[in-house]
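S.K.: Questions regarding the structure given below will be posed in turn.
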Amino acid sequence: MSDSSLTTGDFTESPEPFELFAAWLEDATASEPNDPNAVALATVDPEGLPDVRMVLLKGFDQAGFVFYTNFESAKGREILANMKAAMCFHWKSLRRQVRVRGTVEQVSDAEADAYYASRPRGSRIGAWASKQSRPLESRFALERAVAEFTARHAIGEIPRPQHWSGFRILPQQIEFWHDRPFRLHDRMQFTRNGGGWTKTRLYP
């Protein structure tokens with residue numbers, strides 16, 4: 001889909017959300033200056049206070065949307081506490097966004113191992129060295145930890161830390177939003193209905 005001005009007909013003709021998402025992500029890959037797979041990830045803490053940060057989408061299919069993290073990080077702990085999350089993609093160059101809400105499952109060890117092995121060596125070292133989201137006394141302390149783990153894994157493969165893996169959001173709702181003049185935007189919401197999807201057009 002090279003035309004960034006998606007028409008109402010395109011919304012109506014899409015039988016399910018993942019086909020439409022794949023087309024929009026392809027457009028974003030061509031038009032965004034960097035990280036077209038960047039997405040805001042929202043969780044809640046034990047007190048119900050929302051928390052949001054940017055992560056990178058690392059895969060999607062009919063099951064859901066996958067990202068990876070340190071399970072001992074703030075987002076990891078918050079997700080493990082209630083296994084629910086939301087995402088929002090915003091592609092400014094296309095004036096589009098996609099919102100995702102649903103339950104969460106852990107990816108399999110095989111999936112996590114395969115993705116971890118594909119990362120640059122420095123990123124794999126970083127997964128061991130960083131105590132993500134916890135207080136850091138100085139930048140030097142982080143650099144020292146990186147040096148220690150680099151020396152420890154100087155030869156051979158670097159195993160995946162048990163606390164580092166992936167989550168898959170299993171969407172219950174996916175909403176597509178496209179900017180229109182005078183703030184009369186197009187919005188189409190897909191809601192999971194058994195094995196299929198129900199489409200609902202929303203007022204802007």
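In the structure tokens, each chain is lettered A, B, ... as it comes, each chain's residues begin at 1, and ligands are numbered from 1 in order of appearance.
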Show me, as a short mmCIF file (atom, residue, chain, number, x, y, z; two decimals) with C-alpha atoms, in the first residue's frame, the residues that have an atom within 8 Å of A:Gly64 when counting only C-alpha atoms, minus same-chain residues fewer than 2 positions from it.
M.R.:
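Output file around.cif is given in full below:
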data_model
loop_
_atom_site.label_atom_id
_atom_site.label_comp_id
_atom_site.auth_asym_id
_atom_site.auth_seq_id
_atom_site.Cartn_x
_atom_site.Cartn_y
_atom_site.Cartn_z
CA PHE A 60 3.51 -10.46 14.90
CA ASP A 61 1.17 -13.03 13.46
CA GLN A 62 -2.44 -14.13 13.87
CA VAL A 66 5.72 -9.89 20.35
CA ARG A 168 3.05 -11.79 23.27
CA ILE A 169 0.01 -9.54 23.52
CA LEU A 170 -3.06 -11.53 22.50
CA PRO A 171 -5.31 -8.74 21.23
#
S.K.: Please provide as a list in words all residues within 7 Å of stretch 124-135 of chain A, with the sequence filter that same-chain residues fewer than 6 positions apart are discarded (counting only C-alpha atoms).
M.R.: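 Surrounding residues, per the criterion: Asn70, Glu72, Ser73, Ala74, Tyr116, Leu142, Ala145, Val146, Phe149, Thr150, Ile158 and Pro161 of chain A.
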S.K.: How would you write, as number ranges by chain, the set of residues in chain A that DSSP gives as strand (DSSP E or B)?
M.R.: A: 38-44, 50-56, 59-60, 65-70, 84-91, 96-106, 164-178, 186-193, 196-201
S.K.: Just write the chosen residues, C-alpha atoms, as a short mmCIF file (atom, residue, chain, number, x, y, z; two decimals), in the first residue's frame.
M.R.:
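Written out: selection_13.cif:
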data_model
loop_
_atom_site.label_atom_id
_atom_site.label_comp_id
_atom_site.auth_asym_id
_atom_site.auth_seq_id
_atom_site.Cartn_x
_atom_site.Cartn_y
_atom_site.Cartn_z
CA ALA A 38 8.53 1.40 17.77
CA VAL A 39 5.42 1.18 19.94
CA ALA A 40 4.25 2.67 23.23
CA LEU A 41 3.59 -0.14 25.72
CA ALA A 42 1.20 0.53 28.62
CA THR A 43 0.97 -1.48 31.84
CA VAL A 44 -0.24 -0.81 35.39
CA PRO A 50 -0.59 3.40 34.55
CA ASP A 51 2.96 3.17 33.23
CA VAL A 52 4.04 3.61 29.59
CA ARG A 53 7.30 3.40 27.63
CA MET A 54 8.52 2.78 24.09
CA VAL A 55 9.58 -0.72 23.03
CA LEU A 56 10.27 -2.37 19.68
CA GLY A 59 7.22 -10.01 15.49
CA PHE A 60 3.51 -10.46 14.90
CA PHE A 65 2.31 -8.94 18.91
CA VAL A 66 5.72 -9.89 20.35
CA PHE A 67 8.37 -7.86 22.19
CA TYR A 68 11.28 -8.82 24.43
CA THR A 69 12.46 -7.52 27.78
CA ASN A 70 14.08 -8.24 31.11
CA LYS A 84 -2.59 -7.62 30.54
CA ALA A 85 -1.20 -4.75 28.47
CA ALA A 86 -1.91 -2.24 25.71
CA MET A 87 0.08 -0.85 22.79
CA CYS A 88 -0.13 2.21 20.58
CA PHE A 89 1.77 2.57 17.30
CA HIS A 90 2.00 6.14 15.97
CA TRP A 91 3.39 6.76 12.49
CA ARG A 96 -1.87 6.93 11.40
CA GLN A 97 -2.00 5.05 14.65
CA VAL A 98 -2.94 1.54 15.76
CA ARG A 99 -4.11 0.72 19.29
CA VAL A 100 -3.95 -2.81 20.72
CA ARG A 101 -5.42 -4.11 24.00
CA GLY A 102 -5.37 -7.64 25.32
CA THR A 103 -4.06 -10.35 27.57
CA VAL A 104 -0.42 -11.42 27.59
CA GLU A 105 1.44 -14.71 27.38
CA GLN A 106 5.13 -15.54 27.54
CA TRP A 164 15.22 -12.24 29.75
CA SER A 165 12.51 -13.39 27.38
CA GLY A 166 9.50 -12.21 25.41
CA PHE A 167 5.83 -11.43 25.81
CA ARG A 168 3.05 -11.79 23.27
CA ILE A 169 0.01 -9.54 23.52
CA LEU A 170 -3.06 -11.53 22.50
CA PRO A 171 -5.31 -8.74 21.23
CA GLN A 172 -8.94 -8.52 22.24
CA GLN A 173 -9.30 -5.19 20.41
CA ILE A 174 -7.30 -3.55 17.61
CA GLU A 175 -8.22 -0.05 16.49
CA PHE A 176 -6.98 1.65 13.33
CA TRP A 177 -6.98 5.46 13.27
CA HIS A 178 -6.28 7.67 10.27
CA ASP A 186 -11.43 7.54 10.37
CA ARG A 187 -11.53 4.94 13.16
CA MET A 188 -12.18 1.22 12.76
CA GLN A 189 -12.22 -1.09 15.75
CA PHE A 190 -11.79 -4.86 15.42
CA THR A 191 -13.02 -6.83 18.44
CA ARG A 192 -12.25 -10.51 18.80
CA ASN A 193 -15.40 -12.62 18.56
CA GLY A 196 -13.10 -14.20 14.20
CA TRP A 197 -13.40 -10.43 14.42
CA THR A 198 -16.26 -7.96 14.64
CA LYS A 199 -15.69 -4.59 12.95
CA THR A 200 -17.15 -1.38 14.31
CA ARG A 201 -16.71 2.08 12.87
#
S.K.: Could you pull out all residues of chain A with a DSSP call of alpha helix (DSSP H) and give them as a CSV table (one decimal) with N, CA and C atoms, in the first residue's frame?
M.R.:
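For reference, out-v7.csv as written:
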chain,number,residue,atom,x,y,z
A,8,THR,N,-11.9,5.1,3.2
A,8,THR,CA,-12.9,4.4,3.9
A,8,THR,C,-13.1,3.0,3.4
A,9,GLY,N,-13.1,2.8,2.1
A,9,GLY,CA,-13.3,1.5,1.5
A,9,GLY,C,-12.3,0.5,1.9
A,10,ASP,N,-11.0,1.0,2.1
A,10,ASP,CA,-10.0,0.1,2.5
A,10,ASP,C,-10.3,-0.5,3.9
A,11,PHE,N,-10.8,0.3,4.8
A,11,PHE,CA,-11.1,-0.2,6.1
A,11,PHE,C,-12.2,-1.2,5.9
A,12,THR,N,-13.2,-1.0,5.2
A,12,THR,CA,-14.4,-1.8,5.0
A,12,THR,C,-14.0,-3.2,4.4
A,13,GLU,N,-13.1,-3.1,3.5
A,13,GLU,CA,-12.7,-4.3,2.7
A,13,GLU,C,-11.7,-5.2,3.5
A,17,PRO,N,-7.8,-7.8,11.2
A,17,PRO,CA,-6.9,-6.7,11.4
A,17,PRO,C,-5.5,-7.0,11.1
A,18,PHE,N,-5.0,-8.2,11.1
A,18,PHE,CA,-3.6,-8.4,10.9
A,18,PHE,C,-3.1,-8.1,9.5
A,19,GLU,N,-4.0,-8.4,8.5
A,19,GLU,CA,-3.7,-8.1,7.1
A,19,GLU,C,-3.5,-6.6,7.0
A,20,LEU,N,-4.5,-5.8,7.6
A,20,LEU,CA,-4.4,-4.4,7.5
A,20,LEU,C,-3.2,-3.8,8.3
A,21,PHE,N,-2.8,-4.4,9.4
A,21,PHE,CA,-1.7,-4.0,10.2
A,21,PHE,C,-0.4,-4.2,9.4
A,22,ALA,N,-0.3,-5.4,8.7
A,22,ALA,CA,0.9,-5.7,7.9
A,22,ALA,C,1.1,-4.7,6.8
A,23,ALA,N,0.0,-4.2,6.2
A,23,ALA,CA,0.1,-3.2,5.1
A,23,ALA,C,0.5,-1.9,5.7
A,24,TRP,N,-0.1,-1.5,6.8
A,24,TRP,CA,0.3,-0.2,7.4
A,24,TRP,C,1.8,-0.2,7.9
A,25,LEU,N,2.2,-1.4,8.5
A,25,LEU,CA,3.6,-1.4,8.9
A,25,LEU,C,4.6,-1.4,7.7
A,26,GLU,N,4.2,-2.0,6.6
A,26,GLU,CA,5.0,-1.9,5.4
A,26,GLU,C,5.1,-0.4,4.9
A,27,ASP,N,4.0,0.3,5.0
A,27,ASP,CA,4.0,1.7,4.6
A,27,ASP,C,4.9,2.5,5.5
A,28,ALA,N,4.8,2.2,6.8
A,28,ALA,CA,5.6,2.9,7.8
A,28,ALA,C,7.1,2.6,7.6
A,29,THR,N,7.4,1.4,7.3
A,29,THR,CA,8.8,1.0,7.0
A,29,THR,C,9.4,1.8,5.9
A,30,ALA,N,8.6,2.2,4.9
A,30,ALA,CA,9.1,3.0,3.8
A,30,ALA,C,9.1,4.5,4.2
A,31,SER,N,8.3,5.0,5.1
A,31,SER,CA,8.1,6.4,5.3
A,31,SER,C,8.7,6.9,6.6
A,74,ALA,N,10.6,-3.0,35.3
A,74,ALA,CA,9.3,-2.5,35.8
A,74,ALA,C,8.2,-3.1,34.9
A,75,LYS,N,8.4,-3.0,33.6
A,75,LYS,CA,7.3,-3.5,32.7
A,75,LYS,C,7.2,-5.0,32.8
A,76,GLY,N,8.3,-5.7,33.0
A,76,GLY,CA,8.2,-7.2,33.2
A,76,GLY,C,7.5,-7.6,34.4
A,77,ARG,N,7.8,-6.9,35.5
A,77,ARG,CA,7.1,-7.2,36.8
A,77,ARG,C,5.6,-6.8,36.7
A,78,GLU,N,5.3,-5.7,36.1
A,78,GLU,CA,3.9,-5.3,36.0
A,78,GLU,C,3.1,-6.2,35.1
A,79,ILE,N,3.7,-6.7,34.0
A,79,ILE,CA,2.9,-7.6,33.2
A,79,ILE,C,2.8,-8.9,33.9
A,80,LEU,N,3.8,-9.4,34.5
A,80,LEU,CA,3.7,-10.7,35.2
A,80,LEU,C,2.7,-10.7,36.3
A,81,ALA,N,2.4,-9.5,36.8
A,81,ALA,CA,1.5,-9.4,38.0
A,81,ALA,C,0.0,-9.6,37.5
A,82,ASN,N,-0.3,-9.2,36.3
A,82,ASN,CA,-1.7,-9.3,35.8
A,82,ASN,C,-1.9,-9.8,34.4
A,109,ASP,N,10.4,-20.8,25.2
A,109,ASP,CA,11.9,-20.8,25.3
A,109,ASP,C,12.5,-20.8,23.9
A,110,ALA,N,12.0,-21.6,23.0
A,110,ALA,CA,12.6,-21.7,21.7
A,110,ALA,C,12.5,-20.4,20.9
A,111,GLU,N,11.4,-19.7,21.1
A,111,GLU,CA,11.3,-18.4,20.4
A,111,GLU,C,12.2,-17.4,21.0
A,112,ALA,N,12.3,-17.4,22.3
A,112,ALA,CA,13.2,-16.4,23.0
A,112,ALA,C,14.7,-16.7,22.7
A,113,ASP,N,15.0,-18.0,22.7
A,113,ASP,CA,16.4,-18.4,22.4
A,113,ASP,C,16.8,-18.0,20.9
A,114,ALA,N,15.9,-18.2,20.0
A,114,ALA,CA,16.1,-17.8,18.6
A,114,ALA,C,16.3,-16.3,18.4
A,115,TYR,N,15.4,-15.5,19.1
A,115,TYR,CA,15.6,-14.1,18.9
A,115,TYR,C,16.8,-13.6,19.6
A,116,TYR,N,17.1,-14.1,20.8
A,116,TYR,CA,18.3,-13.7,21.6
A,116,TYR,C,19.6,-14.0,20.8
A,117,ALA,N,19.6,-15.1,20.1
A,117,ALA,CA,20.8,-15.5,19.3
A,117,ALA,C,21.0,-14.6,18.1
A,118,SER,N,19.9,-13.9,17.7
A,118,SER,CA,20.0,-13.1,16.5
A,118,SER,C,20.5,-11.7,16.8
A,121,ARG,N,26.2,-9.1,19.5
A,121,ARG,CA,26.8,-9.6,20.7
A,121,ARG,C,26.8,-8.6,21.8
A,122,GLY,N,27.0,-7.4,21.5
A,122,GLY,CA,26.9,-6.4,22.6
A,122,GLY,C,25.6,-6.3,23.3
A,123,SER,N,24.5,-6.5,22.5
A,123,SER,CA,23.2,-6.5,23.1
A,123,SER,C,22.9,-7.7,24.0
A,124,ARG,N,23.5,-8.8,23.6
A,124,ARG,CA,23.4,-10.0,24.4
A,124,ARG,C,24.2,-9.8,25.7
A,125,ILE,N,25.3,-9.2,25.7
A,125,ILE,CA,26.1,-8.9,26.9
A,125,ILE,C,25.3,-7.9,27.8
A,126,GLY,N,24.6,-6.9,27.1
A,126,GLY,CA,23.9,-5.9,27.9
A,126,GLY,C,22.7,-6.6,28.6
A,127,ALA,N,22.1,-7.6,28.1
A,127,ALA,CA,21.0,-8.3,28.8
A,127,ALA,C,21.5,-8.9,30.1
A,128,TRP,N,22.8,-9.3,30.2
A,128,TRP,CA,23.3,-9.8,31.4
A,128,TRP,C,23.8,-8.7,32.4
A,129,ALA,N,24.3,-7.6,31.8
A,129,ALA,CA,24.9,-6.5,32.6
A,129,ALA,C,23.9,-5.6,33.2
A,139,ARG,N,27.3,5.6,36.0
A,139,ARG,CA,27.5,5.1,34.7
A,139,ARG,C,28.7,4.1,34.7
A,140,PHE,N,29.7,4.4,35.5
A,140,PHE,CA,30.9,3.6,35.6
A,140,PHE,C,30.5,2.2,36.1
A,141,ALA,N,29.5,2.1,37.0
A,141,ALA,CA,29.1,0.7,37.5
A,141,ALA,C,28.5,-0.1,36.4
A,142,LEU,N,27.8,0.5,35.5
A,142,LEU,CA,27.2,-0.2,34.3
A,142,LEU,C,28.3,-0.6,33.4
A,143,GLU,N,29.3,0.3,33.1
A,143,GLU,CA,30.4,0.0,32.2
A,143,GLU,C,31.2,-1.1,32.8
A,144,ARG,N,31.4,-1.1,34.1
A,144,ARG,CA,32.2,-2.2,34.7
A,144,ARG,C,31.5,-3.5,34.6
A,145,ALA,N,30.1,-3.6,34.8
A,145,ALA,CA,29.4,-4.8,34.6
A,145,ALA,C,29.5,-5.3,33.2
A,146,VAL,N,29.4,-4.4,32.2
A,146,VAL,CA,29.6,-4.8,30.8
A,146,VAL,C,30.9,-5.4,30.6
A,147,ALA,N,32.0,-4.8,31.1
A,147,ALA,CA,33.3,-5.4,31.0
A,147,ALA,C,33.4,-6.7,31.6
A,148,GLU,N,32.8,-6.9,32.8
A,148,GLU,CA,32.9,-8.2,33.5
A,148,GLU,C,32.2,-9.3,32.7
A,149,PHE,N,31.0,-9.0,32.2
A,149,PHE,CA,30.3,-10.1,31.4
A,149,PHE,C,31.0,-10.3,30.0
A,150,THR,N,31.6,-9.2,29.5
A,150,THR,CA,32.3,-9.4,28.2
A,150,THR,C,33.5,-10.4,28.4
A,151,ALA,N,34.2,-10.2,29.5
A,151,ALA,CA,35.3,-11.1,29.8
A,151,ALA,C,34.8,-12.5,30.1
A,152,ARG,N,33.7,-12.6,30.8
A,152,ARG,CA,33.2,-13.9,31.2
A,152,ARG,C,32.8,-14.7,29.9
